[in-house]
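See below for the structure under consideration.
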Amino acid sequence: MTQLESTIPSYIYQRFDVIFVIKDVPDKEKDSIVADNINKMHNDPTQSRKAITRAISPDMFRKYVIYARTKPVPEFEPNAQKLIKDYYLTQRGMTQSGGYPVISARQVSNINRLSKAIARREMALKVTEEHVKYAIGIMRASTSTLGEEGDYGIYNSGRTKSQVEKIKLIKDAIKEVCKKEQSAGISDIAFASGLDIMQIEHTLMMLERNREVFKANRGFRVL
């Protein structure tokens, strides 16, 4: 799967336990329905969200949430937290080439919160192994939409393994060029790194915004 290319700051990603990327794939039948619905909305301004048919009414959903909040916060069963620990240690043992960890301690907190939320949804008194398995499944499904399945880098640093490697190539290229020149131009970076110029420009914009590189003499230097 193509790695996620994003210019969203890492601190935004780190606020979420799971992130799902929805791909915009052309589909003539679905696109036709979307276009018809938009045209209908513009043709009849009286239409509103009230006309939408819902499986659960907003009023019933509010009552459910209010009632669920009256229940005590579920506690973890020992086996449930052991499963989280075992999963974490197993994933840490699958460290990718170059020493890039596929998971960090942050995901332990994420799985704990997700497991507890799933248990609360069922108004269960205990968080069981089944709740943890469900939470792990959700997290794995999320990471598979971000890039390589099992690559949690987007949650830890806002960057996937692919992006981390690309950034390292670009920074190393800038440093190498700057040994002889005052700054590194994009064409020099492309020659030294072997990357496509468009990829370099996109990445440099992100690095400049994050103050990891800066412009100097019509080129770039690493901070």
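Residue numbering restarts at 1 for every chain of the structure tokens, chains are lettered A, B, ... in their displayed order, and ligands are numbered from 1 as they appear.
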Next on the checklist: List as a ChimeraX atom specification the protein and nucleic acid residues near stretch 179-194 of chain A, meaning an atom at most 9 Å away when only C-alpha atoms are counted, but skip any in the same chain fewer than 3 places from it.
Outcome noted: /A:166,169-176,197,200-201,215-221
C-alpha atoms of the current selection, written as a PDB file, in the first residue's frame:
ATOM      1  CA  LYS A 166      12.941   9.744   3.276  1.00  0.00           C
ATOM      2  CA  LEU A 169      17.972  10.738   3.155  1.00  0.00           C
ATOM      3  CA  ILE A 170      17.146  14.408   2.545  1.00  0.00           C
ATOM      4  CA  LYS A 171      18.856  15.661   5.707  1.00  0.00           C
ATOM      5  CA  ASP A 172      21.939  13.557   5.022  1.00  0.00           C
ATOM      6  CA  ALA A 173      22.038  14.914   1.459  1.00  0.00           C
ATOM      7  CA  ILE A 174      21.797  18.521   2.709  1.00  0.00           C
ATOM      8  CA  LYS A 175      24.610  17.952   5.218  1.00  0.00           C
ATOM      9  CA  GLU A 176      26.794  16.348   2.555  1.00  0.00           C
ATOM     10  CA  ILE A 197      12.273  16.496  -6.914  1.00  0.00           C
ATOM     11  CA  ILE A 200      11.840  16.560  -1.942  1.00  0.00           C
ATOM     12  CA  GLU A 201       9.894  19.825  -2.311  1.00  0.00           C
ATOM     13  CA  LYS A 215      16.402  28.503   3.757  1.00  0.00           C
ATOM     14  CA  ALA A 216      19.799  30.060   3.167  1.00  0.00           C
ATOM     15  CA  ASN A 217      21.319  31.504  -0.021  1.00  0.00           C
ATOM     16  CA  ARG A 218      18.639  30.026  -2.308  1.00  0.00           C
ATOM     17  CA  GLY A 219      19.083  26.605  -0.746  1.00  0.00           C
ATOM     18  CA  PHE A 220      18.546  24.739   2.520  1.00  0.00           C
ATOM     19  CA  ARG A 221      20.512  23.926   5.632  1.00  0.00           C
TER      20      ARG A 221
END
List the spatial neighbours of stretch 60-64 of chain A as a compact mmCIF listing (two decimals) with C-alpha atoms, in the first residue's frame - criterion: any atom at most 12 Å away, only C-alpha atoms, same-chain residues fewer than 4 positions off excluded.
# COMPACT_ATOMS: atom_id res chain seq x y z
CA ARG A 54 -31.10 6.97 10.95
CA ALA A 55 -30.85 3.44 12.35
CA ILE A 56 -30.93 4.94 15.88
CA ALA A 68 -24.27 4.29 30.27
CA ARG A 69 -22.57 7.09 32.23
CA THR A 70 -24.46 6.06 35.37
CA LYS A 71 -22.61 2.74 35.35
CA ARG A 120 -18.25 0.73 28.73
CA ARG A 121 -20.21 0.56 25.50
CA GLU A 122 -21.50 -2.84 26.67
CA MET A 123 -21.93 -1.49 30.23
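Put simply, atom CA of A:Arg211 is 23.6 Å away from atom CA of A:Phe16.
With only C-alpha atoms as the atoms that count, the residue of A:Gln91, A:Ala135, A:Leu223, A:Pro78 with the shortest distance to A:Ala117 is A:Ala135.
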